[in-house]
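First comes the structure, then the notes that go with it.
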4 protein chains.
Amino acid sequence: MLEALKKRVCGLNKVLPAERLVTSTSGNVSGRLPAQPQFVVIKPSGLSFDQMTPETMVVTDLDGKVVEGKLNPSVDLPNHLYLYTHKPELMGVVHTHSAHATAFAVLGLSIPCCMTGMADEFGGEIPCAPYASNEAENIGASILKAMTRAPAVLCASHGVFTFAESPEKAVKAAIMCEDSARTMYYALTMRAALGLPMPKPLPPEEIAKWWGRYHSWYGQKS
Amino acid sequence: MLEALKKRVCGLNKVLPAERLVTSTSGNVSGRLPAQPQFVVIKPSGLSFDQMTPETMVVTDLDGKVVEGKLNPSVDLPNHLYLYTHKPELMGVVHTHSAHATAFAVLGLSIPCCMTGMADEFGGEIPCAPYASNEAENIGASILKAMTRAPAVLCASHGVFTFAESPEKAVKAAIMCEDSARTMYYALTMRAALGLPMPKPLPPEEIAKWWGRYHSWYGQKS
Amino acid sequence: MLEALKKRVCGLNKVLPAERLVTSTSGNVSGRLPAQPQFVVIKPSGLSFDQMTPETMVVTDLDGKVVEGKLNPSVDLPNHLYLYTHKPELMGVVHTHSAHATAFAVLGLSIPCCMTGMADEFGGEIPCAPYASNEAENIGASILKAMTRAPAVLCASHGVFTFAESPEKAVKAAIMCEDSARTMYYALTMRAALGLPMPKPLPPEEIAKWWGRYHSWYGQKS
Amino acid sequence: MLEALKKRVCGLNKVLPAERLVTSTSGNVSGRLPAQPQFVVIKPSGLSFDQMTPETMVVTDLDGKVVEGKLNPSVDLPNHLYLYTHKPELMGVVHTHSAHATAFAVLGLSIPCCMTGMADEFGGEIPCAPYASNEAENIGASILKAMTRAPAVLCASHGVFTFAESPEKAVKAAIMCEDSARTMYYALTMRAALGLPMPKPLPPEEIAKWWGRYHSWYGQKS
């Protein structure tokens, strides 16, 4: 079973540069299986995305001990593990420094939910957690504290973490987070340029309609 | 005949990510034939653009009943059908959340016609319809009410709808709408940065010259 | 000889979308040969860049009469011909609505020469000609009047024309014009955001050093 | 040994357009070997990146005398040589006019270190050296004077130079410099649009933690 997961996680890591969410070797995707939640497959540290193959993926347990793979795991592994340990339903975690979302993070700003596409995917704003140093469980704990029903949290002065019930959905959330940040960046800077009032977030009852539709009728769930 | 249309509509849906007008599975193209206006071919809901084939397209009647295809149609189908029902000349409809155009929509702003490329394609500004919830015929009706001779309408806090006498032309309008929004975004933000007066829209008589030329001499119409 | 030129001009037209200088079917490249300056090869009107082959190129004389080719020439042909007629040394002309340069044009602004890369290619600012309607020789005459030693002129509320002693160099100028406009857009908007004074253009004596080096030592000319 | 280096330097030059750091023929990468530091391999002047092969690379000594290759070396060679001569540990130098970083340079601004990704790669801000003319050793000397532990320096009104213990690392620094400039551009312009206070650089003790981790644990060094 882990062979299939290594293939999925490898392919999903390669989606990050294809979607222009990462630069050079930054960013990482991990995943686990509901049937074997004690094992996590993650990208190796500092390897170029071109060189990744399923065989280069690293398998660890929830304490971070490498149980399979010859390479060092991503240095962000502790943050992934913290989320898996404290949120048993999570099966995928993604970390990026995607540019527009990170610009919100540099300012310590949440991304407001002013459009239906964000209501669909996130069901509200994307919150921004305060800055946390890269020691111990600081980053993981700050993400956990900031979590809402949205599958994404910004980390101030740092970047983006997304998480979901599969690594595929966590990657989708990372894509949609950057897309939302990009559109809101354009809207907020154009607003100021035109001297208009701040755009209001969609009201909660409207967000509920879009989120509800997207999480029930949307797609091919049968 | 519908087999050929399914192939066209499938190919046109794939143009949306190629032109960077959509992210993930958002956005959709539909089309119909002048000879069989009672049938609409549309993208299935939530399927990735890579996985689309002509066989995955969904055929419905104007009441939204699926008459061919195994998958659920796009959740935006009711909005497409509303436009086809109320505008019999329309043979193609496109919906996107393309980033710059959606930024105008977040602010509830029309895109002003300050350049000849917009005069060519749109013959004036691209209007922005007020926000409408995703219930009943709200969105379709608000688009219809905002329509001008331009083949595009923005929906506030939502995104873009384009429509034309063929799905190919509706896709072209979606491409040109985002391009116009992008250029006007640059112009409007740079204007403020330089403390210049607002750029004036082209006068109607100048717009008429460009629109007239583009809709008569332009191309290879014989 | 014209067969080779048709191949060159066709290939150069395809560079425009590859370099993201044009959208849909907008934009065009023409060229002529020093040995046969009475004939101009230009892109056909409204044909998609994908469908272009050397055989689809249109050959005209300097009065705009089609002397070879089955398709209609670009509707911008009169502007190209005006430049060829009044500037015998020109062997290539390019027209685009590239987004950042067109934003300067929407504001009626020249692109100031504040960086060495612009000094290299343009030897000064890229001037902006006043708005001209698409009738008679208005556009061509306004471009001619605005010309400096720079191989590019913006047309207010319209777009970009570039011209050079070969169509290859005119395409290069179109690429560098958009690149210069993009960088200056970032600089000018960031300047305002930080409350800094306007960046000063490079002094003429410094521009002369870069332009001189670029037009003598640079490349593989000997 | 130089054959292998010519292949590496050729491939690294081609990374510049692939990563959109250069336009047309601008930008260049050079490299040398610790075992033969008296020879430098550099891109030829004005050749298109597509046409480059290992055989077209130019080998010079530290005085700029061509010792191998039929083409003229990059006109920026003197700046590369100045850095190699004065910093014996450098084995790679890169020059670009990448757009966001050059916008900082147009304003004469350093890129502040407000995010962990910059702390990782640069260990602080990316400094901006004052404008220097292209004569004698002006540019090289101004870069040397501005150098910090960061592997990048901006040159005012000009562009970017990066340098490292290998040409691969110098190219990585050029990629990360543009990425950092892009994210900070978004942050700084959005800050002003929202009327927020300026984002503070990360404190030195926090930068030390990220820089330290990145230069010890990160990657596959053991």
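In the structure tokens, chains take letters A, B, ... by order of appearance, with residues numbered from 1 within each chain and ligands from 1 in the order shown.
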A:Ala187 surroundings by only C-alpha atoms, 9 Å radius, close-in-sequence under 2 positions cut, as an NGL selection string:
(:A and (182-185 or 189-192 or 199)) or (:B and (100 or 102-107))
Using all heavy atoms, can you export the residues from the last selection as a short mmCIF file (atom, residue, chain, number, x, y, z; two decimals), in the first residue's frame?
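Final file, out.cif:
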```cif
data_model
loop_
_atom_site.label_atom_id
_atom_site.label_comp_id
_atom_site.auth_asym_id
_atom_site.auth_seq_id
_atom_site.Cartn_x
_atom_site.Cartn_y
_atom_site.Cartn_z
N ARG A 182 -4.05 35.94 -4.95
CA ARG A 182 -3.72 36.73 -6.13
C ARG A 182 -4.87 37.65 -6.51
O ARG A 182 -4.69 38.85 -6.71
CB ARG A 182 -3.39 35.81 -7.31
CG ARG A 182 -2.90 36.55 -8.52
CD ARG A 182 -2.17 35.63 -9.48
NE ARG A 182 -3.04 34.83 -10.29
CZ ARG A 182 -3.29 35.08 -11.60
NH1 ARG A 182 -2.72 36.10 -12.20
NH2 ARG A 182 -4.06 34.28 -12.28
N THR A 183 -6.08 37.10 -6.57
CA THR A 183 -7.24 37.92 -6.95
C THR A 183 -7.50 38.99 -5.91
O THR A 183 -7.78 40.15 -6.25
CB THR A 183 -8.47 37.02 -7.14
OG1 THR A 183 -8.15 36.02 -8.12
CG2 THR A 183 -9.67 37.82 -7.61
N MET A 184 -7.38 38.65 -4.63
CA MET A 184 -7.62 39.65 -3.58
C MET A 184 -6.52 40.71 -3.57
O MET A 184 -6.78 41.87 -3.26
CB MET A 184 -7.75 38.98 -2.21
CG MET A 184 -9.08 38.28 -2.00
SD MET A 184 -10.56 39.32 -2.34
CE MET A 184 -10.30 40.66 -1.19
N TYR A 185 -5.29 40.32 -3.91
CA TYR A 185 -4.23 41.33 -4.04
C TYR A 185 -4.60 42.35 -5.10
O TYR A 185 -4.47 43.57 -4.88
CB TYR A 185 -2.89 40.64 -4.39
CG TYR A 185 -1.83 41.63 -4.81
CD1 TYR A 185 -1.14 42.39 -3.87
CD2 TYR A 185 -1.54 41.86 -6.16
CE1 TYR A 185 -0.19 43.33 -4.25
CE2 TYR A 185 -0.60 42.79 -6.55
CZ TYR A 185 0.08 43.52 -5.59
OH TYR A 185 1.00 44.45 -5.98
N THR A 189 -5.38 46.32 -4.07
CA THR A 189 -4.54 47.41 -4.56
C THR A 189 -5.33 48.31 -5.52
O THR A 189 -5.14 49.53 -5.52
CB THR A 189 -3.27 46.86 -5.25
OG1 THR A 189 -3.63 45.84 -6.18
CG2 THR A 189 -2.29 46.29 -4.24
N MET A 190 -6.21 47.73 -6.32
CA MET A 190 -7.02 48.55 -7.23
C MET A 190 -8.01 49.40 -6.45
O MET A 190 -8.28 50.54 -6.81
CB MET A 190 -7.75 47.66 -8.24
CG MET A 190 -8.44 48.46 -9.34
SD MET A 190 -8.71 47.48 -10.82
CE MET A 190 -9.62 46.09 -10.17
N ARG A 191 -8.55 48.83 -5.37
CA ARG A 191 -9.46 49.59 -4.51
C ARG A 191 -8.81 50.89 -4.04
O ARG A 191 -9.38 51.98 -4.16
CB ARG A 191 -9.84 48.77 -3.27
CG ARG A 191 -10.69 49.53 -2.26
CD ARG A 191 -10.49 49.02 -0.86
NE ARG A 191 -9.21 49.41 -0.32
CZ ARG A 191 -8.93 50.62 0.17
NH1 ARG A 191 -9.85 51.56 0.19
NH2 ARG A 191 -7.73 50.91 0.63
N ALA A 192 -7.59 50.76 -3.52
CA ALA A 192 -6.89 51.95 -3.02
C ALA A 192 -6.60 52.93 -4.15
O ALA A 192 -6.74 54.14 -3.99
CB ALA A 192 -5.60 51.52 -2.33
N PRO A 199 -13.63 46.47 0.08
CA PRO A 199 -14.67 45.49 -0.29
C PRO A 199 -15.10 44.73 0.96
O PRO A 199 -14.26 44.35 1.78
CB PRO A 199 -13.96 44.57 -1.28
CG PRO A 199 -12.51 44.70 -0.99
CD PRO A 199 -12.31 46.10 -0.47
N HIS B 100 -7.82 38.90 -12.89
CA HIS B 100 -7.95 40.36 -12.95
C HIS B 100 -9.40 40.78 -13.13
O HIS B 100 -9.86 41.76 -12.53
CB HIS B 100 -7.09 40.93 -14.08
CG HIS B 100 -5.61 40.76 -13.85
ND1 HIS B 100 -4.93 39.64 -14.22
CD2 HIS B 100 -4.69 41.58 -13.26
CE1 HIS B 100 -3.65 39.77 -13.88
NE2 HIS B 100 -3.48 40.93 -13.30
N THR B 102 -11.98 39.13 -12.13
CA THR B 102 -12.67 38.88 -10.86
C THR B 102 -12.33 39.96 -9.84
O THR B 102 -13.15 40.29 -8.98
CB THR B 102 -12.34 37.46 -10.35
OG1 THR B 102 -12.81 36.52 -11.34
CG2 THR B 102 -13.04 37.16 -9.03
N ALA B 103 -11.12 40.53 -9.92
CA ALA B 103 -10.79 41.64 -9.02
C ALA B 103 -11.72 42.83 -9.26
O ALA B 103 -12.17 43.48 -8.30
CB ALA B 103 -9.33 42.05 -9.19
N PHE B 104 -12.00 43.13 -10.53
CA PHE B 104 -13.00 44.18 -10.81
C PHE B 104 -14.35 43.76 -10.20
O PHE B 104 -15.05 44.59 -9.61
CB PHE B 104 -13.17 44.39 -12.33
CG PHE B 104 -12.12 45.30 -12.93
CD1 PHE B 104 -10.91 44.80 -13.38
CD2 PHE B 104 -12.34 46.67 -13.07
CE1 PHE B 104 -9.94 45.62 -13.95
CE2 PHE B 104 -11.37 47.51 -13.63
CZ PHE B 104 -10.17 46.98 -14.07
N ALA B 105 -14.71 42.49 -10.34
CA ALA B 105 -16.00 42.00 -9.81
C ALA B 105 -16.05 42.10 -8.29
O ALA B 105 -17.10 42.43 -7.72
CB ALA B 105 -16.23 40.56 -10.27
N VAL B 106 -14.93 41.82 -7.63
CA VAL B 106 -14.90 41.93 -6.16
C VAL B 106 -15.24 43.36 -5.74
O VAL B 106 -15.91 43.58 -4.72
CB VAL B 106 -13.52 41.50 -5.61
CG1 VAL B 106 -13.32 41.95 -4.16
CG2 VAL B 106 -13.37 39.98 -5.72
N LEU B 107 -14.81 44.31 -6.53
CA LEU B 107 -15.09 45.72 -6.22
C LEU B 107 -16.42 46.19 -6.82
O LEU B 107 -16.81 47.35 -6.66
CB LEU B 107 -13.95 46.61 -6.74
CG LEU B 107 -12.57 46.31 -6.16
CD1 LEU B 107 -11.51 47.18 -6.83
CD2 LEU B 107 -12.54 46.53 -4.65
#
```
Hey, which bits of chain C sit within 9 Å of chain D, and for each residue what's the closest pair of atoms and how far apart in Å (one decimal), counting only C-alpha atoms, rows by chain and increasing number, as a Markdown table?
```
| residue | atom | partner | partner_atom | distance |
| --- | --- | --- | --- | --- |
| C:Cys114 | CA | D:Ser157 | CA | 6.1 |
| C:Met115 | CA | D:Ser157 | CA | 4.4 |
| C:Thr116 | CA | D:His158 | CA | 5.1 |
| C:Gly117 | CA | D:His158 | CA | 6.9 |
| C:Lys172 | CA | D:Ser24 | CA | 6.8 |
| C:Ile175 | CA | D:Ser24 | CA | 7.2 |
| C:Met176 | CA | D:Thr23 | CA | 7.1 |
| C:Asp179 | CA | D:Thr23 | CA | 7.2 |
| C:Ser180 | CA | D:Ala99 | CA | 8.4 |
| C:Arg182 | CA | D:Ala99 | CA | 7.1 |
| C:Thr183 | CA | D:Ala99 | CA | 5.0 |
| C:Met184 | CA | D:Ala103 | CA | 6.6 |
| C:Tyr185 | CA | D:Ala103 | CA | 8.3 |
| C:Tyr186 | CA | D:Ala103 | CA | 5.7 |
| C:Ala187 | CA | D:Ala103 | CA | 4.4 |
| C:Leu188 | CA | D:Ala103 | CA | 8.2 |
| C:Thr189 | CA | D:Thr189 | CA | 7.1 |
| C:Met190 | CA | D:Thr189 | CA | 5.9 |
| C:Arg191 | CA | D:Leu107 | CA | 7.0 |
| C:Ala192 | CA | D:Thr189 | CA | 8.3 |
| C:Ala193 | CA | D:Ala192 | CA | 5.1 |
| C:Leu194 | CA | D:Ala192 | CA | 7.3 |
| C:Leu196 | CA | D:Leu107 | CA | 8.3 |
| C:Pro197 | CA | D:Leu107 | CA | 8.9 |
| C:Met198 | CA | D:Leu107 | CA | 8.3 |
| C:Pro199 | CA | D:Leu107 | CA | 6.0 |
| C:Lys200 | CA | D:Val106 | CA | 8.9 |
| C:Pro201 | CA | D:Ser157 | CA | 9.0 |
| C:Leu202 | CA | D:Ser157 | CA | 7.8 |
| C:Glu206 | CA | D:Ser133 | CA | 6.9 |
| C:Lys209 | CA | D:Asn134 | CA | 7.3 |
| C:Trp210 | CA | D:Asn134 | CA | 7.2 |
| C:Arg213 | CA | D:Val75 | CA | 8.5 |
| C:Tyr214 | CA | D:Val75 | CA | 8.7 |
| C:Trp217 | CA | D:Val75 | CA | 7.5 |
| C:Tyr218 | CA | D:Ser45 | CA | 6.2 |
| C:Gly219 | CA | D:Gly46 | CA | 4.1 |
| C:Gln220 | CA | D:Asn72 | CA | 6.2 |
```
I need the residue nearest B:Pro130 from this list: B:His95, B:Lys43, B:Arg32, B:Lys145. Use only C-alpha atoms for the distance.
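Distance minimum relative to B:Pro130 lands on B:Lys145.
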Enumerate, as a PyMOL selection string, the complete set of residues in stretch 22-205 of chain B that a backbone-based DSSP assignment places in helix (DSSP H, G or I).
chain B and resi 49-51+54-56+77-86+99-106+116-122+138-146+167-194+204-205
Could you pull the residues within 8 Å of A:Glu165, counting only C-alpha atoms, minus those fewer than 3 positions along the same chain, as a ChimeraX atom specification?
/A:89-92,169-170
Quick check, in Å to one decimal: how far apart do atom CA of C:Glu55 and atom CA of C:Gly31 lie?
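Those two atoms sit 15.0 Å apart.
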Can you pull out every residue within 7 Å of C:Met57, counting only C-alpha atoms, but drop anything in the same chain fewer than 6 positions away, and send it as a ChimeraX atom specification?
/C:6,10,41-44,69
